[in-house]
Structures are given as C-alpha cells and as structure tokens.
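Novice: Below is data-v7.cif; it holds mmCIF, C-alpha atoms.
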data_data
loop_
_atom_site.group_PDB
_atom_site.id
_atom_site.type_symbol
_atom_site.label_atom_id
_atom_site.label_comp_id
_atom_site.auth_asym_id
_atom_site.auth_seq_id
_atom_site.Cartn_x
_atom_site.Cartn_y
_atom_site.Cartn_z
ATOM 1 C CA ALA A 1 -19.528 12.551 29.425
ATOM 2 C CA LEU A 2 -19.320 8.841 30.285
ATOM 3 C CA ALA A 3 -16.932 7.426 32.894
ATOM 4 C CA PRO A 4 -15.366 3.947 32.629
ATOM 5 C CA ASP A 5 -17.616 2.706 35.448
ATOM 6 C CA GLY A 6 -20.744 3.874 33.642
ATOM 7 C CA THR A 7 -21.300 7.127 35.513
ATOM 8 C CA VAL A 8 -22.872 9.755 33.237
ATOM 9 C CA ALA A 9 -22.191 13.477 33.618
ATOM 10 C CA THR A 10 -24.514 16.068 32.106
ATOM 11 C CA GLY A 11 -24.516 19.862 32.203
ATOM 12 C CA THR A 12 -27.271 22.455 31.930
ATOM 13 C CA ALA A 13 -27.602 25.952 30.500
ATOM 14 C CA GLN A 14 -27.951 27.188 34.097
ATOM 15 C CA GLY A 15 -24.477 25.922 35.096
ATOM 16 C CA THR A 16 -25.504 22.748 36.926
ATOM 17 C CA VAL A 17 -23.609 19.474 36.596
ATOM 18 C CA ARG A 18 -25.369 16.202 37.395
ATOM 19 C CA LEU A 19 -23.816 12.769 37.850
ATOM 20 C CA ARG A 20 -26.049 9.759 37.319
ATOM 21 C CA ARG A 21 -25.673 5.997 37.372
ATOM 22 C CA ALA A 22 -26.023 4.719 33.830
ATOM 23 C CA GLY A 23 -27.868 1.503 34.725
ATOM 24 C CA ASP A 24 -30.942 3.036 36.340
ATOM 25 C CA GLY A 25 -30.427 6.791 35.960
ATOM 26 C CA MET A 26 -30.148 7.321 39.713
ATOM 27 C CA LEU A 27 -28.913 10.818 40.578
ATOM 28 C CA LEU A 28 -25.604 10.573 42.448
ATOM 29 C CA HIS A 29 -24.568 14.219 42.695
ATOM 30 C CA GLU A 30 -25.800 17.625 41.602
ATOM 31 C CA VAL A 31 -23.530 20.660 41.852
ATOM 32 C CA ARG A 32 -23.686 24.275 40.779
ATOM 33 C CA ALA A 33 -20.529 24.402 38.686
ATOM 34 C CA HIS A 34 -20.605 27.602 36.613
ATOM 35 C CA GLU A 35 -22.178 31.023 36.242
ATOM 36 C CA GLY A 36 -23.796 30.360 32.904
ATOM 37 C CA ALA A 37 -24.009 27.325 30.662
ATOM 38 C CA VAL A 38 -21.878 24.222 31.059
ATOM 39 C CA THR A 39 -20.113 23.919 27.705
ATOM 40 C CA SER A 40 -17.825 20.902 28.150
ATOM 41 C CA LEU A 41 -17.443 17.805 30.346
ATOM 42 C CA ALA A 42 -14.814 15.067 30.457
ATOM 43 C CA PHE A 43 -13.799 12.317 32.864
ATOM 44 C CA SER A 44 -10.209 11.444 33.659
ATOM 45 C CA PRO A 45 -8.970 8.150 32.149
ATOM 46 C CA ASP A 46 -9.597 6.261 35.409
ATOM 47 C CA GLY A 47 -12.951 7.943 35.983
ATOM 48 C CA SER A 48 -11.993 9.354 39.381
ATOM 49 C CA LEU A 49 -12.130 13.009 38.313
ATOM 50 C CA LEU A 50 -14.431 15.136 36.178
ATOM 51 C CA VAL A 51 -13.540 18.422 34.510
ATOM 52 C CA SER A 52 -16.258 20.863 33.514
ATOM 53 C CA GLY A 53 -15.936 23.941 31.321
ATOM 54 C CA GLY A 54 -18.310 26.843 31.294
ATOM 55 C CA ALA A 55 -19.443 29.908 29.420
ATOM 56 C CA ASP A 56 -18.082 31.904 32.357
ATOM 57 C CA GLY A 57 -14.559 31.060 31.155
ATOM 58 C CA THR A 58 -13.633 28.801 34.050
ATOM 59 C CA ALA A 59 -12.925 25.089 34.244
ATOM 60 C CA ARG A 60 -13.443 23.086 37.412
ATOM 61 C CA ILE A 61 -12.059 19.722 38.442
ATOM 62 C CA TRP A 62 -14.363 17.587 40.589
ATOM 63 C CA ASP A 63 -14.010 14.398 42.571
ATOM 64 C CA ALA A 64 -16.406 12.080 40.753
ATOM 65 C CA ALA A 65 -17.096 9.847 43.767
ATOM 66 C CA SER A 66 -18.030 12.629 46.197
ATOM 67 C CA GLY A 67 -18.994 15.472 43.880
ATOM 68 C CA ARG A 68 -16.653 17.790 45.749
ATOM 69 C CA PRO A 69 -14.614 20.457 43.926
ATOM 70 C CA ARG A 70 -10.849 19.940 43.610
ATOM 71 C CA SER A 71 -9.626 22.923 41.591
ATOM 72 C CA ARG A 72 -10.851 26.025 39.818
ATOM 73 C CA LEU A 73 -9.014 26.901 36.609
ATOM 74 C CA PRO A 74 -9.599 30.594 35.841
ATOM 75 C CA GLY A 75 -10.273 32.096 32.441
ATOM 76 C CA ARG A 76 -12.028 34.959 30.710
ATOM 77 C CA LYS A 77 -13.551 33.637 27.486
ATOM 78 C CA PRO A 78 -16.230 30.932 27.207
ATOM 79 C CA LEU A 79 -14.654 27.491 27.101
ATOM 80 C CA THR A 80 -15.235 25.260 24.110
ATOM 81 C CA SER A 81 -13.268 22.145 25.092
ATOM 82 C CA THR A 82 -11.890 20.469 28.218
ATOM 83 C CA VAL A 83 -10.055 17.142 28.256
ATOM 84 C CA PHE A 84 -7.648 15.151 30.417
ATOM 85 C CA SER A 85 -4.323 13.898 29.094
ATOM 86 C CA PRO A 86 -4.049 10.104 28.625
ATOM 87 C CA GLY A 87 -2.025 9.841 31.835
ATOM 88 C CA GLY A 88 -4.477 12.002 33.766
ATOM 89 C CA ARG A 89 -1.820 14.485 34.893
ATOM 90 C CA LEU A 90 -2.872 17.436 32.732
ATOM 91 C CA VAL A 91 -6.096 19.139 31.714
ATOM 92 C CA LEU A 92 -6.258 20.842 28.331
ATOM 93 C CA THR A 93 -8.716 23.717 27.866
ATOM 94 C CA ALA A 94 -9.641 25.762 24.803
ATOM 95 C CA ASP A 95 -11.770 28.877 24.541
ATOM 96 C CA ALA A 96 -13.720 31.143 22.222
ATOM 97 C CA GLY A 97 -10.981 33.768 22.368
ATOM 98 C CA GLY A 98 -8.487 31.650 20.430
ATOM 99 C CA ASP A 99 -6.429 30.366 23.360
ATOM 100 C CA ALA A 100 -5.681 26.887 24.687
ATOM 101 C CA SER A 101 -3.918 26.060 27.939
ATOM 102 C CA THR A 102 -2.632 23.079 29.862
ATOM 103 C CA TRP A 103 -3.090 22.782 33.623
ATOM 104 C CA SER A 104 -1.621 20.572 36.319
ATOM 105 C CA VAL A 105 -4.286 18.327 37.810
ATOM 106 C CA SER A 106 -2.427 17.970 41.106
ATOM 107 C CA SER A 107 -1.831 21.690 41.730
ATOM 108 C CA GLY A 108 -4.532 23.326 39.629
ATOM 109 C CA LYS A 109 -1.928 25.699 38.192
ATOM 110 C CA ARG A 110 -1.497 26.690 34.577
ATOM 111 C CA VAL A 111 1.414 24.900 32.895
ATOM 112 C CA ARG A 112 1.507 26.518 29.444
ATOM 113 C CA ASP A 113 -0.510 28.764 27.140
ATOM 114 C CA LEU A 114 -0.800 27.584 23.537
ATOM 115 C CA ARG A 115 -1.470 30.769 21.592
ATOM 116 C CA PHE A 116 -1.756 30.508 17.833
ATOM 117 C CA HIS A 117 -5.353 30.875 16.667
ATOM 118 C CA VAL A 118 -6.888 34.239 15.851
ATOM 119 C CA SER A 119 -10.459 33.158 16.591
ATOM 120 C CA THR A 120 -12.325 30.413 18.432
ATOM 121 C CA VAL A 121 -10.515 27.161 19.213
ATOM 122 C CA SER A 122 -13.381 24.788 18.566
ATOM 123 C CA ARG A 123 -11.615 21.619 19.703
ATOM 124 C CA ALA A 124 -8.410 20.581 21.447
ATOM 125 C CA ALA A 125 -7.194 17.040 22.077
ATOM 126 C CA PHE A 126 -4.220 14.896 23.072
ATOM 127 C CA SER A 127 -2.880 12.082 20.936
ATOM 128 C CA ALA A 128 -3.382 8.604 22.393
ATOM 129 C CA ASP A 129 0.218 8.461 23.639
ATOM 130 C CA GLY A 130 0.102 11.986 25.063
ATOM 131 C CA ARG A 131 2.987 13.179 22.902
ATOM 132 C CA TRP A 132 0.991 15.616 20.787
ATOM 133 C CA ILE A 133 -1.730 18.201 21.251
ATOM 134 C CA VAL A 134 -3.865 19.337 18.349
ATOM 135 C CA THR A 135 -5.901 22.555 18.436
ATOM 136 C CA ALA A 136 -8.503 23.236 15.746
ATOM 137 C CA GLY A 137 -10.259 26.421 14.708
ATOM 138 C CA PRO A 138 -12.436 27.586 11.806
ATOM 139 C CA SER A 139 -9.510 28.074 9.407
ATOM 140 C CA ALA A 140 -6.427 26.397 10.870
ATOM 141 C CA ALA A 141 -5.178 23.561 13.058
ATOM 142 C CA GLY A 142 -2.106 23.668 15.283
ATOM 143 C CA LEU A 143 0.003 20.684 16.272
ATOM 144 C CA TRP A 144 2.022 20.986 19.469
ATOM 145 C CA GLU A 145 4.694 18.697 20.864
ATOM 146 C CA THR A 146 4.490 17.852 24.564
ATOM 147 C CA GLY A 147 7.481 17.306 26.802
ATOM 148 C CA GLN A 148 7.965 14.414 29.194
ATOM 149 C CA ALA A 149 6.847 14.140 32.815
ATOM 150 C CA GLY A 150 3.460 15.612 31.953
ATOM 151 C CA ARG A 151 4.865 19.002 30.901
ATOM 152 C CA VAL A 152 4.262 20.852 27.694
ATOM 153 C CA GLY A 153 7.429 22.356 26.255
ATOM 154 C CA PRO A 154 8.681 24.251 23.235
ATOM 155 C CA PRO A 155 8.763 22.418 19.904
ATOM 156 C CA GLY A 156 11.700 20.054 19.746
ATOM 157 C CA THR A 157 11.989 19.268 23.472
ATOM 158 C CA ALA A 158 10.335 15.856 23.277
ATOM 159 C CA GLY A 159 12.460 13.149 21.758
ATOM 160 C CA ARG A 160 15.530 15.409 21.726
ATOM 161 C CA GLY A 161 18.383 13.861 19.812
ATOM 162 C CA ALA A 162 16.229 12.207 17.199
ATOM 163 C CA PRO A 163 16.832 13.676 13.740
ATOM 164 C CA PRO A 164 13.962 15.660 12.244
ATOM 165 C CA ALA A 165 12.031 13.634 9.724
ATOM 166 C CA ARG A 166 9.462 14.045 7.012
ATOM 167 C CA ARG A 167 6.667 11.755 8.060
ATOM 168 C CA GLN A 168 2.929 11.185 8.062
ATOM 169 C CA HIS A 169 1.121 11.481 11.418
ATOM 170 C CA ARG A 170 -2.580 10.625 11.575
ATOM 171 C CA GLY A 171 -3.329 12.170 8.203
ATOM 172 C CA LEU A 172 -1.378 15.397 8.754
ATOM 173 C CA LEU A 173 1.760 15.963 6.726
ATOM 174 C CA LEU A 174 4.581 16.935 9.075
ATOM 175 C CA LEU A 175 7.638 18.655 7.631
ATOM 176 C CA ASP A 176 11.145 18.869 9.045
ATOM 177 C CA ARG A 177 11.501 21.062 12.112
ATOM 178 C CA ALA A 178 12.441 24.646 11.459
ATOM 179 C CA ARG A 179 15.812 25.682 12.833
ATOM 180 C CA PRO A 180 15.735 27.727 16.062
ATOM 181 C CA PRO A 181 16.211 31.484 15.645
ATOM 182 C CA ARG A 182 19.654 33.051 15.992
ATOM 183 C CA GLY A 183 20.673 33.853 19.534
ATOM 184 C CA GLY A 184 19.042 30.769 21.089
ATOM 185 C CA ALA A 185 15.624 29.198 21.265
ATOM 186 C CA ARG A 186 12.648 31.227 22.360
ATOM 187 C CA PRO A 187 10.948 30.155 25.601
ATOM 188 C CA TRP A 188 7.754 29.400 23.680
ATOM 189 C CA LYS A 189 6.779 29.483 20.031
ATOM 190 C CA PRO A 190 3.676 28.887 17.917
ATOM 191 C CA PRO A 191 2.946 25.303 16.876
ATOM 192 C CA LEU A 192 5.629 23.078 15.444
ATOM 193 C CA HIS A 193 3.400 22.561 12.416
ATOM 194 C CA HIS A 194 0.048 23.881 11.401
ATOM 195 C CA LEU A 195 -2.522 23.577 8.649
ATOM 196 C CA GLU A 196 -4.331 26.360 6.873
ATOM 197 C CA ARG A 197 -7.116 26.410 4.356
ATOM 198 C CA PRO A 198 -6.169 27.636 0.874
ATOM 199 C CA GLY A 199 -6.312 31.405 0.680
ATOM 200 C CA ARG A 200 -5.795 31.901 4.416
ATOM 201 C CA SER A 201 -2.505 33.348 5.620
ATOM 202 C CA ARG A 202 -2.399 34.212 9.302
ATOM 203 C CA LEU A 203 1.142 33.609 10.539
ATOM 204 C CA PRO A 204 4.233 35.543 9.421
ATOM 205 C CA ALA A 205 7.446 33.888 8.282
ATOM 206 C CA PRO A 206 9.452 31.917 9.260
ATOM 207 C CA HIS A 207 6.750 29.588 10.530
ATOM 208 C CA ARG A 208 5.912 26.892 8.003
ATOM 209 C CA ARG A 209 2.480 26.587 6.510
ATOM 210 C CA ILE A 210 1.001 23.351 5.265
ATOM 211 C CA ARG A 211 -2.016 23.895 3.115
ATOM 212 C CA ALA A 212 -4.953 21.593 3.701
ATOM 213 C CA PRO A 213 -5.670 19.349 0.710
ATOM 214 C CA GLN A 214 -8.530 20.309 -1.528
ATOM 215 C CA PRO A 215 -11.599 18.086 -1.044
#
Rewrite the coordinates I just gave you, this time as structure tokens.

Specialist:
Amino acid sequence: ALAPDGTVATGTAQGTVRLRRAGDGMLLHEVRAHEGAVTSLAFSPDGSLLVSGGADGTARIWDAASGRPRSRLPGRKPLTSTVFSPGGRLVLTADAGGDASTWSVSSGKRVRDLRFHVSTVSRAAFSADGRWIVTAGPSAAGLWETGQAGRVGPPGTAGRGAPPARRQHRGLLLLDRARPPRGGARPWKPPLHHLERPGRSRLPAPHRRIRAPQP
C-alpha cells in the first residue's frame, strides 16, 4: 500500500508489516501484525492510519506515524480485502467465508455485517463519494447503499424521499427499489441490487436478480 506522503507498507507471509520511506527505502517501522500471512493493506485517505488484514481473520488499525496499534477488529475467516471509506470514518473488511463488515475507525466496533455471498468475497470497495459499497465474489456482486454520518443502513435509507429510478451506475444496471415487505421494513436485508452470472441462482425471491451481460 502507498500513502499520500510516499510511505510504503508491505506485509509478509509471517505476519509482519513494514513501513518504508519511498524515496530511499529507509525502514520506518516494523510490527508483528498477524498470526499468519498479511493478506491486505490500505492507508486512510489522509495517510495517517494503516489497516492490515490477515489470514488469522483479524484486521488491525495502526498509527502510520508511530507504528502503534489503534484497534483490533476480530474475525474468524482469512481476510481478503480491507479498505477505508473516502471520509476515513469506516473500515470495510471482506473474508474468505463470504462475509463483509464495516467498522468504526474511532471506536473499533463493528457497524454492520453485509451478508449475501455464499463463498469467498474476493473484493470489497466504496464508491468515490462513499454512498455505495460493492462486494464481489466468484459468481455474484452485491451493491449496498450506505447511510449518512458514516453509517451503513438498510437499502433505501440514503437519499430518502427521492423517487426510485431506473438508472446506470458505473456500468451496473440498477432497477427500481423493491417494495419493503408487509409489516414494516426488516432491520437489515441483502443487497439492494446484485449481479449473477447466467445459470447461477443463489438468492430466493423476492430479491431481484440482474444477470451479467454475456461477453
């Protein structure tokens, strides 16, 4: 991972994270971060923090200037992706067990679990404006809507009041929002929209499926 100031973070199969100065390669910090391989590294947008993910299932937030630990984010399955939100208030993790989660940077506590995939989540990312999260696996991609004030909420909570629309968003075809179930909205649901490869059918009705275009 590369910080805005040029600091380079690297991880080893033994769980060590090293921070070096890009100009001359000088070693700034070396920390034992994980029990097992370091699988993911990312700096916060301002470069002040570093998040590392490991095969031990944990993520750790570090102070980039001092190399001191800030938070430990627990987990059970090997992590495949760790990333900060554009505003730096959340960390998004994804693992080999099919789960993704958001975490508060300030408290180190889990904010939401994003459960949809039935196998490895190979990549998870925020949109540039922080409004959307996309999770990708071997056969499907999930698109999640984030709430305001750095909180992830159920589909439909961000931009409440705006009429649903059929629109194109970064190459993914988004259909009108499904109506909430009878008896009130659920506290959390699978993604607002998702893509599946032809021939794959993983989610039961009434969740909408959008088939990926044939190459």

Novice: Can you spell out as a short mmCIF file (atom, residue, chain, number, x, y, z; two decimals) with C-alpha atoms, keeping the file's coordinate frame the set of residues that the PyMOL selection byres ((chain A and resi 50-53) around 6) selects in the structure I just provided?

Specialist:
data_model
loop_
_atom_site.label_atom_id
_atom_site.label_comp_id
_atom_site.auth_asym_id
_atom_site.auth_seq_id
_atom_site.Cartn_x
_atom_site.Cartn_y
_atom_site.Cartn_z
CA VAL A 38 -21.88 24.22 31.06
CA THR A 39 -20.11 23.92 27.70
CA SER A 40 -17.82 20.90 28.15
CA LEU A 41 -17.44 17.80 30.35
CA ALA A 42 -14.81 15.07 30.46
CA PHE A 43 -13.80 12.32 32.86
CA LEU A 49 -12.13 13.01 38.31
CA GLY A 54 -18.31 26.84 31.29
CA ALA A 59 -12.92 25.09 34.24
CA ARG A 60 -13.44 23.09 37.41
CA ILE A 61 -12.06 19.72 38.44
CA TRP A 62 -14.36 17.59 40.59
CA ALA A 64 -16.41 12.08 40.75
CA LEU A 79 -14.65 27.49 27.10
#

Novice: Take the PyMOL selection byres ((chain A and resi 96-108) around 6), run it mentally on this structure, and tell me the resulting residues as a PDB file with C-alpha atoms, in the frame of the given file.

Specialist:
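Final file, part.pdb:
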ATOM      1  CA  SER A  71      -9.626  22.923  41.591  1.00  0.00           C
ATOM      2  CA  LYS A  77     -13.551  33.637  27.486  1.00  0.00           C
ATOM      3  CA  PRO A  78     -16.230  30.932  27.207  1.00  0.00           C
ATOM      4  CA  ARG A  89      -1.820  14.485  34.893  1.00  0.00           C
ATOM      5  CA  LEU A  90      -2.872  17.436  32.732  1.00  0.00           C
ATOM      6  CA  VAL A  91      -6.096  19.139  31.714  1.00  0.00           C
ATOM      7  CA  LEU A  92      -6.258  20.842  28.331  1.00  0.00           C
ATOM      8  CA  THR A  93      -8.716  23.717  27.866  1.00  0.00           C
ATOM      9  CA  ALA A  94      -9.641  25.762  24.803  1.00  0.00           C
ATOM     10  CA  ASP A  95     -11.770  28.877  24.541  1.00  0.00           C
ATOM     11  CA  LYS A 109      -1.928  25.699  38.192  1.00  0.00           C
ATOM     12  CA  ARG A 110      -1.497  26.690  34.577  1.00  0.00           C
ATOM     13  CA  VAL A 111       1.414  24.900  32.895  1.00  0.00           C
ATOM     14  CA  ARG A 112       1.507  26.518  29.444  1.00  0.00           C
ATOM     15  CA  ASP A 113      -0.510  28.764  27.140  1.00  0.00           C
ATOM     16  CA  LEU A 114      -0.800  27.584  23.537  1.00  0.00           C
ATOM     17  CA  ARG A 115      -1.470  30.769  21.592  1.00  0.00           C
ATOM     18  CA  HIS A 117      -5.353  30.875  16.667  1.00  0.00           C
ATOM     19  CA  VAL A 118      -6.888  34.239  15.851  1.00  0.00           C
ATOM     20  CA  SER A 119     -10.459  33.158  16.591  1.00  0.00           C
ATOM     21  CA  THR A 120     -12.325  30.413  18.432  1.00  0.00           C
ATOM     22  CA  VAL A 121     -10.515  27.161  19.213  1.00  0.00           C
TER      23      VAL A 121
END

Novice: Take atom CA of A:Ala125 and atom CA of A:Arg76 and report the distance between them in Å, one decimal.

Specialist: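 So the two atoms, atom CA of A:Ala125 and atom CA of A:Arg76, lie 20.5 Å apart.
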
Novice: As a check of understanding, name the residues that the PyMOL selection byres ((chain A and resi 32) around 12) selects in the supplied structure, as number ranges by chain.

Specialist: A: 10-19, 29-31, 33-38, 52, 54, 60, 62, 67-69

Novice: Considering all atoms listed in the file, return as a PyMOL selection string whatever protein or nucleic-acid residues lie within 8 Å of A:Val8, sequence-local ones (same chain, fewer than 3 positions apart) excluded.

Specialist: chain A and resi 1-3+19-22

Novice: Mind giving me the straight-line distance from atom CA of A:Pro138 to atom CA of A:Val83 in Å, one decimal?

Specialist: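 Separating atom CA of A:Pro138 from atom CA of A:Val83 is a distance of 19.6 Å.
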
Novice: Between atom CA of A:Asp63 and atom CA of A:Ile133, what is the spacing in Å?

Specialist: 24.9 Å

Novice: When distances are computed from all atoms listed in the file, which of A:Gly142, A:Gly47, A:Gly25, A:Gly75 shows the smallest separation from A:Arg123?

Specialist: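 Residue with the minimum atom-to-atom distance to A:Arg123: A:Gly142.
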
Novice: With all atoms listed in the file as the atoms that count, which of A:Gly57, A:Pro4, A:Gly137, A:Gly130 lies nearest to A:Phe84?

Specialist: A:Gly130
